[in-house]
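Student: Input structure: run02.cif, which contains mmCIF, C-alpha atoms and all ligand atoms.
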data_final
loop_
_atom_site.group_PDB
_atom_site.id
_atom_site.type_symbol
_atom_site.label_atom_id
_atom_site.label_comp_id
_atom_site.auth_asym_id
_atom_site.auth_seq_id
_atom_site.Cartn_x
_atom_site.Cartn_y
_atom_site.Cartn_z
ATOM 1 C CA MET A 1 -66.041 5.487 -0.334
ATOM 2 C CA LYS A 2 -69.411 4.256 -1.582
ATOM 3 C CA VAL A 3 -68.373 4.909 -5.163
ATOM 4 C CA THR A 4 -65.191 2.847 -4.681
ATOM 5 C CA MET A 5 -67.188 -0.069 -3.262
ATOM 6 C CA LEU A 6 -69.682 0.134 -6.086
ATOM 7 C CA SER A 7 -66.966 0.066 -8.711
ATOM 8 C CA THR A 8 -65.293 -2.862 -6.925
ATOM 9 C CA ILE A 9 -68.581 -4.774 -7.077
ATOM 10 C CA ILE A 10 -69.042 -3.921 -10.750
ATOM 11 C CA ILE A 11 -65.486 -5.065 -11.529
ATOM 12 C CA ALA A 12 -66.042 -8.294 -9.553
ATOM 13 C CA ILE A 13 -69.251 -9.056 -11.460
ATOM 14 C CA GLY A 14 -67.488 -8.291 -14.726
ATOM 15 C CA LEU A 15 -64.674 -10.695 -13.816
ATOM 16 C CA LEU A 16 -67.140 -13.446 -12.906
ATOM 17 C CA VAL A 17 -68.932 -13.080 -16.237
ATOM 18 C CA ALA A 18 -65.629 -13.052 -18.122
ATOM 19 C CA THR A 19 -64.422 -16.155 -16.233
ATOM 20 C CA GLY A 20 -67.683 -17.936 -17.067
ATOM 21 C CA ILE A 21 -67.272 -17.165 -20.768
ATOM 22 C CA ALA A 22 -63.621 -18.253 -20.663
ATOM 23 C CA GLN A 23 -64.566 -21.551 -19.003
ATOM 24 C CA GLU A 24 -67.250 -22.278 -21.582
ATOM 25 C CA GLN A 25 -64.728 -21.445 -24.311
ATOM 26 C CA GLY A 26 -62.121 -23.687 -22.655
ATOM 27 C CA LYS A 27 -64.597 -26.565 -22.515
ATOM 28 C CA LYS A 28 -65.394 -26.155 -26.218
ATOM 29 C CA GLU A 29 -61.678 -26.081 -27.070
ATOM 30 C CA VAL A 30 -61.043 -29.317 -25.127
ATOM 31 C CA MET A 31 -63.952 -31.051 -26.854
ATOM 32 C CA LYS A 32 -62.715 -29.856 -30.266
ATOM 33 C CA THR A 33 -59.138 -31.001 -29.594
ATOM 34 C CA LEU A 34 -60.269 -34.414 -28.424
ATOM 35 C CA GLU A 35 -62.611 -34.937 -31.333
ATOM 36 C CA LYS A 36 -59.866 -34.134 -33.796
ATOM 37 C CA ALA A 37 -56.955 -35.758 -31.946
ATOM 38 C CA PRO A 38 -54.783 -37.206 -34.706
ATOM 39 C CA GLY A 39 -53.445 -40.696 -34.265
ATOM 40 C CA ALA A 40 -56.109 -41.765 -31.799
ATOM 41 C CA PRO A 41 -55.482 -45.453 -31.074
ATOM 42 C CA LYS A 42 -56.662 -47.527 -33.974
ATOM 43 C CA GLU A 43 -56.506 -50.881 -32.263
ATOM 44 C CA GLU A 44 -59.506 -51.028 -30.007
ATOM 45 C CA VAL A 45 -59.762 -53.602 -27.286
ATOM 46 C CA THR A 46 -63.090 -55.353 -27.543
ATOM 47 C CA LYS A 47 -64.218 -58.248 -25.381
ATOM 48 C CA THR A 48 -67.446 -59.974 -24.554
ATOM 49 C CA GLU A 49 -68.937 -59.337 -21.116
ATOM 50 C CA GLU A 50 -67.826 -62.830 -20.066
ATOM 51 C CA GLU A 51 -64.244 -62.123 -21.156
ATOM 52 C CA TRP A 52 -64.210 -58.827 -19.257
ATOM 53 C CA LYS A 53 -65.455 -60.578 -16.126
ATOM 54 C CA LYS A 54 -62.513 -62.963 -16.362
ATOM 55 C CA VAL A 55 -59.840 -60.257 -16.518
ATOM 56 C CA LEU A 56 -61.326 -57.629 -14.185
ATOM 57 C CA THR A 57 -62.146 -57.737 -10.488
ATOM 58 C CA PRO A 58 -65.908 -57.463 -9.750
ATOM 59 C CA GLU A 59 -65.422 -53.813 -8.678
ATOM 60 C CA GLN A 60 -63.385 -52.979 -11.803
ATOM 61 C CA TYR A 61 -66.067 -54.623 -13.930
ATOM 62 C CA ARG A 62 -68.854 -52.685 -12.209
ATOM 63 C CA VAL A 63 -67.075 -49.334 -12.744
ATOM 64 C CA LEU A 64 -65.360 -49.834 -16.118
ATOM 65 C CA ARG A 65 -68.017 -51.863 -17.926
ATOM 66 C CA GLN A 66 -71.208 -50.759 -16.169
ATOM 67 C CA ALA A 67 -70.310 -47.077 -15.599
ATOM 68 C CA GLY A 68 -70.394 -47.526 -11.847
ATOM 69 C CA THR A 69 -68.844 -45.231 -9.264
ATOM 70 C CA GLU A 70 -66.601 -46.427 -6.475
ATOM 71 C CA PRO A 71 -67.427 -45.157 -2.975
ATOM 72 C CA ALA A 72 -65.788 -41.855 -1.967
ATOM 73 C CA ASN A 73 -62.579 -42.133 0.069
ATOM 74 C CA SER A 74 -62.090 -45.754 -0.960
ATOM 75 C CA ALA A 75 -58.954 -47.800 -0.309
ATOM 76 C CA THR A 76 -57.714 -47.028 -3.840
ATOM 77 C CA TYR A 77 -58.161 -43.299 -3.120
ATOM 78 C CA LYS A 78 -56.060 -43.608 0.032
ATOM 79 C CA GLN A 79 -53.352 -45.343 -2.009
ATOM 80 C CA PHE A 80 -53.652 -42.654 -4.701
ATOM 81 C CA LYS A 81 -52.966 -39.912 -2.174
ATOM 82 C CA GLU A 82 -49.759 -41.642 -1.111
ATOM 83 C CA GLN A 83 -48.495 -42.293 -4.640
ATOM 84 C CA LYS A 84 -45.611 -40.080 -5.782
ATOM 85 C CA GLU A 85 -44.319 -39.457 -9.309
ATOM 86 C CA GLY A 86 -45.563 -41.899 -11.901
ATOM 87 C CA THR A 87 -47.991 -42.789 -14.648
ATOM 88 C CA TYR A 88 -51.552 -44.096 -14.512
ATOM 89 C CA TYR A 89 -52.680 -46.734 -16.991
ATOM 90 C CA CYS A 90 -56.124 -48.124 -17.797
ATOM 91 C CA ALA A 91 -56.877 -51.207 -15.706
ATOM 92 C CA GLY A 92 -58.920 -52.584 -18.591
ATOM 93 C CA CYS A 93 -56.473 -52.314 -21.496
ATOM 94 C CA GLY A 94 -53.211 -50.777 -20.277
ATOM 95 C CA ALA A 95 -53.530 -47.495 -22.244
ATOM 96 C CA GLU A 96 -51.663 -44.550 -20.702
ATOM 97 C CA LEU A 97 -54.245 -42.162 -19.262
ATOM 98 C CA PHE A 98 -52.899 -39.818 -16.587
ATOM 99 C CA SER A 99 -49.657 -38.570 -15.069
ATOM 100 C CA SER A 100 -48.795 -37.594 -11.512
ATOM 101 C CA ASP A 101 -47.735 -34.247 -13.066
ATOM 102 C CA HIS A 102 -51.420 -33.307 -13.320
ATOM 103 C CA LYS A 103 -52.594 -34.844 -10.061
ATOM 104 C CA PHE A 104 -53.952 -32.573 -7.340
ATOM 105 C CA ASP A 105 -55.804 -32.866 -4.060
ATOM 106 C CA SER A 106 -59.378 -31.742 -4.594
ATOM 107 C CA HIS A 107 -60.621 -33.255 -1.282
ATOM 108 C CA CYS A 108 -63.518 -34.768 -3.237
ATOM 109 C CA GLY A 109 -62.809 -38.391 -2.314
ATOM 110 C CA TRP A 110 -61.758 -39.542 -5.781
ATOM 111 C CA PRO A 111 -58.454 -39.259 -7.666
ATOM 112 C CA SER A 112 -58.293 -35.864 -9.392
ATOM 113 C CA PHE A 113 -56.241 -34.647 -12.331
ATOM 114 C CA TYR A 114 -56.437 -31.282 -14.100
ATOM 115 C CA ASP A 115 -55.379 -32.819 -17.416
ATOM 116 C CA ALA A 116 -54.934 -36.149 -19.167
ATOM 117 C CA SER A 117 -51.371 -37.279 -19.840
ATOM 118 C CA ASN A 118 -52.168 -38.506 -23.317
ATOM 119 C CA ASN A 119 -55.353 -36.995 -24.696
ATOM 120 C CA LYS A 120 -55.532 -39.540 -27.475
ATOM 121 C CA ASN A 121 -56.399 -42.228 -24.944
ATOM 122 C CA VAL A 122 -59.163 -40.316 -23.203
ATOM 123 C CA THR A 123 -62.529 -39.668 -24.836
ATOM 124 C CA LEU A 124 -65.155 -37.268 -23.540
ATOM 125 C CA LYS A 125 -68.860 -38.003 -23.922
ATOM 126 C CA GLN A 126 -71.971 -36.187 -22.845
ATOM 127 C CA ASP A 127 -73.629 -38.080 -19.987
ATOM 128 C CA LEU A 128 -77.289 -37.310 -19.330
ATOM 129 C CA SER A 129 -77.820 -39.996 -16.671
ATOM 130 C CA HIS A 130 -79.154 -39.323 -13.155
ATOM 131 C CA GLY A 131 -80.929 -36.142 -14.306
ATOM 132 C CA MET A 132 -77.652 -34.251 -14.759
ATOM 133 C CA ILE A 133 -75.674 -32.980 -17.728
ATOM 134 C CA ARG A 134 -72.142 -34.220 -17.168
ATOM 135 C CA THR A 135 -69.070 -34.997 -19.234
ATOM 136 C CA GLU A 136 -68.180 -38.660 -19.021
ATOM 137 C CA VAL A 137 -64.542 -39.709 -19.344
ATOM 138 C CA VAL A 138 -63.938 -43.033 -21.089
ATOM 139 C CA CYS A 139 -60.837 -44.897 -22.229
ATOM 140 C CA THR A 140 -60.548 -44.488 -26.005
ATOM 141 C CA LYS A 141 -59.045 -47.924 -26.453
ATOM 142 C CA CYS A 142 -61.386 -50.207 -24.477
ATOM 143 C CA LYS A 143 -64.307 -47.764 -23.992
ATOM 144 C CA GLY A 144 -64.135 -48.388 -20.246
ATOM 145 C CA HIS A 145 -65.860 -45.822 -18.012
ATOM 146 C CA LEU A 146 -63.252 -43.912 -15.987
ATOM 147 C CA GLY A 147 -65.191 -41.064 -14.359
ATOM 148 C CA HIS A 148 -66.319 -37.520 -15.165
ATOM 149 C CA LEU A 149 -64.788 -34.181 -16.123
ATOM 150 C CA PHE A 150 -65.919 -31.052 -14.279
ATOM 151 C CA TYR A 151 -65.194 -27.459 -15.259
ATOM 152 C CA GLY A 152 -65.008 -24.104 -13.560
ATOM 153 C CA GLU A 153 -64.597 -25.175 -9.943
ATOM 154 C CA ALA A 154 -61.813 -22.641 -9.419
ATOM 155 C CA PHE A 155 -59.215 -25.003 -7.982
ATOM 156 C CA ASP A 156 -55.720 -23.561 -7.886
ATOM 157 C CA THR A 157 -54.565 -25.588 -10.922
ATOM 158 C CA PRO A 158 -53.173 -24.533 -14.344
ATOM 159 C CA LYS A 159 -56.370 -25.684 -16.063
ATOM 160 C CA ASP A 160 -59.763 -25.014 -14.479
ATOM 161 C CA GLN A 161 -61.030 -28.549 -14.916
ATOM 162 C CA ARG A 162 -61.065 -31.707 -12.810
ATOM 163 C CA TYR A 163 -60.933 -35.227 -14.133
ATOM 164 C CA CYS A 164 -62.746 -37.025 -11.304
ATOM 165 C CA ILE A 165 -61.580 -40.615 -11.804
ATOM 166 C CA ASN A 166 -62.410 -43.895 -10.101
ATOM 167 C CA GLY A 167 -59.152 -45.170 -8.616
ATOM 168 C CA VAL A 168 -60.105 -48.767 -9.362
ATOM 169 C CA THR A 169 -59.865 -48.067 -13.122
ATOM 170 C CA LEU A 170 -56.224 -46.990 -12.854
ATOM 171 C CA ILE A 171 -52.960 -48.886 -12.572
ATOM 172 C CA TYR A 172 -50.204 -46.790 -11.018
ATOM 173 C CA VAL A 173 -46.618 -47.289 -12.122
ATOM 174 C CA PRO A 174 -43.961 -45.342 -10.193
ATOM 175 C CA LYS A 175 -41.555 -43.271 -12.293
ATOM 176 C CA GLY A 176 -38.661 -45.355 -13.626
ATOM 177 C CA GLU A 177 -40.511 -48.640 -13.241
ATOM 178 C CA LYS A 178 -41.735 -50.752 -16.130
ATOM 179 C CA LYS A 179 -45.377 -50.745 -17.032
ATOM 180 C CA PRO A 180 -46.853 -54.051 -15.816
ATOM 181 C CA GLU A 181 -48.580 -56.296 -18.275
ATOM 182 C CA VAL A 182 -52.320 -55.835 -18.131
ATOM 183 C CA LYS A 183 -54.134 -59.136 -18.201
ATOM 184 C CA ALA A 184 -56.688 -57.698 -20.589
ATOM 185 C CA GLU A 185 -54.118 -56.403 -23.060
ATOM 186 C CA GLU A 186 -54.276 -57.922 -26.510
ATOM 187 C CA LYS A 187 -51.147 -59.719 -27.586
ATOM 188 C CA PRO A 188 -49.862 -58.755 -31.063
HETATM 189 ZN ZN ZN A 201 -58.806 -48.941 -21.475
#
Could you spell out this file's structure in structure tokens?
Ligand SMILES: [Zn+2]

Tutor:
Amino acid sequence: MKVTMLSTIIIAIGLLVATGIAQEQGKKEVMKTLEKAPGAPKEEVTKTEEEWKKVLTPEQYRVLRQAGTEPANSATYKQFKEQKEGTYYCAGCGAELFSSDHKFDSHCGWPSFYDASNNKNVTLKQDLSHGMIRTEVVCTKCKGHLGHLFYGEAFDTPKDQRYCINGVTLIYVPKGEKKPEVKAEEKP
């Protein structure tokens, strides 16, 4: 009996170590893919701070342009939880960022996705602020701060990663409906 328990413990430790290595590998792969993503949007949306203030709400400006964080369980999070099938676009520039296909309930208080719908529009950066090493998620097109990416939390999702996104940075468009014009979007 003791031997069986011991081997179970050894197997469990082995699995934990293997999972850790796999997660680290997965993280590296994601970073590599994103760095090399072909056809990343060429047209970047650049505006002065004054111009951004004109097209964004004060809360959107604080989060997108000043890397702020909206409070947990905000009104936008409550709306997010009720939203069904659809696509999420950047509130700053209208780039497609996430899909309801990858949305899941992490109970963390912020919209969560296990993947980005269009990796070309999402850039990952190392964030060393607040004494932590985190992966910041920004919009490739307008460089707006969206949130952070966390790995290895063992949620029951196809990919062991969580895009923890501020709801205020997203514009939800239900499936079958036309993408609304973003005020900040550059006209051709
Ligand atoms: Zn954007």

Student: What residues of the protein or nucleic acid chains come within 9 Å of ligand ZN 201 (chain A) when you use only C-alpha atoms and all ligand atoms? Reply as a ChimeraX atom specification.

Tutor: /A:44-45,64,89-97,121-122,138-146,169,185

Student: Can you list every residue of stretch 42-80 of chain A that has an atom at most 12 Å from stretch 148-163 of chain A, with its nearest atom pair and the distance in Å to one decimal, using all atoms listed in the file, ordered by chain then number, as a tab-separated table?

Tutor:
residue	atom	partner	partner_atom	distance
A:Ala67	CA	A:His148	CA	10.4
A:Gly68	CA	A:His148	CA	11.3
A:Thr69	CA	A:His148	CA	10.0

Student: Rounded to one decimal, what separation in Å do you get between atom CA of A:Gln83 and atom CA of A:Lys125?

Tutor: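 Between these atoms lies a distance of 28.4 Å.
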
Student: Between atom CA of A:Asp101 and atom CA of A:Glu70, measure the distance and give it in Å to one decimal.

Tutor: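 If I compute the distance from atom CA of A:Asp101 to atom CA of A:Glu70, I get 23.4 Å.
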
Student: Report as a PDB file with C-alpha atoms, in the frame of the given file the residues that result from applying the PyMOL selection byres (((chain A and resi 52-60) around 8) and not hetatm) to the structure here.

Tutor:
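Dumped to result.pdb:
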ATOM      1  CA  LYS A  47     -64.218 -58.248 -25.381  1.00  0.00           C
ATOM      2  CA  THR A  48     -67.446 -59.974 -24.554  1.00  0.00           C
ATOM      3  CA  GLU A  49     -68.937 -59.337 -21.116  1.00  0.00           C
ATOM      4  CA  GLU A  50     -67.826 -62.830 -20.066  1.00  0.00           C
ATOM      5  CA  GLU A  51     -64.244 -62.123 -21.156  1.00  0.00           C
ATOM      6  CA  TYR A  61     -66.067 -54.623 -13.930  1.00  0.00           C
ATOM      7  CA  ARG A  62     -68.854 -52.685 -12.209  1.00  0.00           C
ATOM      8  CA  VAL A  63     -67.075 -49.334 -12.744  1.00  0.00           C
ATOM      9  CA  LEU A  64     -65.360 -49.834 -16.118  1.00  0.00           C
ATOM     10  CA  ARG A  65     -68.017 -51.863 -17.926  1.00  0.00           C
ATOM     11  CA  GLU A  70     -66.601 -46.427  -6.475  1.00  0.00           C
ATOM     12  CA  ALA A  91     -56.877 -51.207 -15.706  1.00  0.00           C
ATOM     13  CA  GLY A  92     -58.920 -52.584 -18.591  1.00  0.00           C
ATOM     14  CA  VAL A 168     -60.105 -48.767  -9.362  1.00  0.00           C
ATOM     15  CA  THR A 169     -59.865 -48.067 -13.122  1.00  0.00           C
ATOM     16  CA  LYS A 183     -54.134 -59.136 -18.201  1.00  0.00           C
ATOM     17  CA  ALA A 184     -56.688 -57.698 -20.589  1.00  0.00           C
TER      18      ALA A 184
END

Student: Can you tell me how far atom CA of A:Lys81 sits from atom CA of A:Asn166, in Å to one decimal?

Tutor: 13.0 Å

Student: For the structure provided, state which residues fall under the PyMOL selection byres (((chain A and resi 75-78) around 12) and not hetatm), and present them as a PyMOL selection string.

Tutor: chain A and resi 59-60+70-74+79-83+105-112+164-172

Student: Applied to this file, what does the PyMOL selection byres (((chain A and resi 100) around 9) and not hetatm) return in terms of residues, put as a PyMOL selection string?

Tutor: chain A and resi 83-88+98-99+101-104+113+117
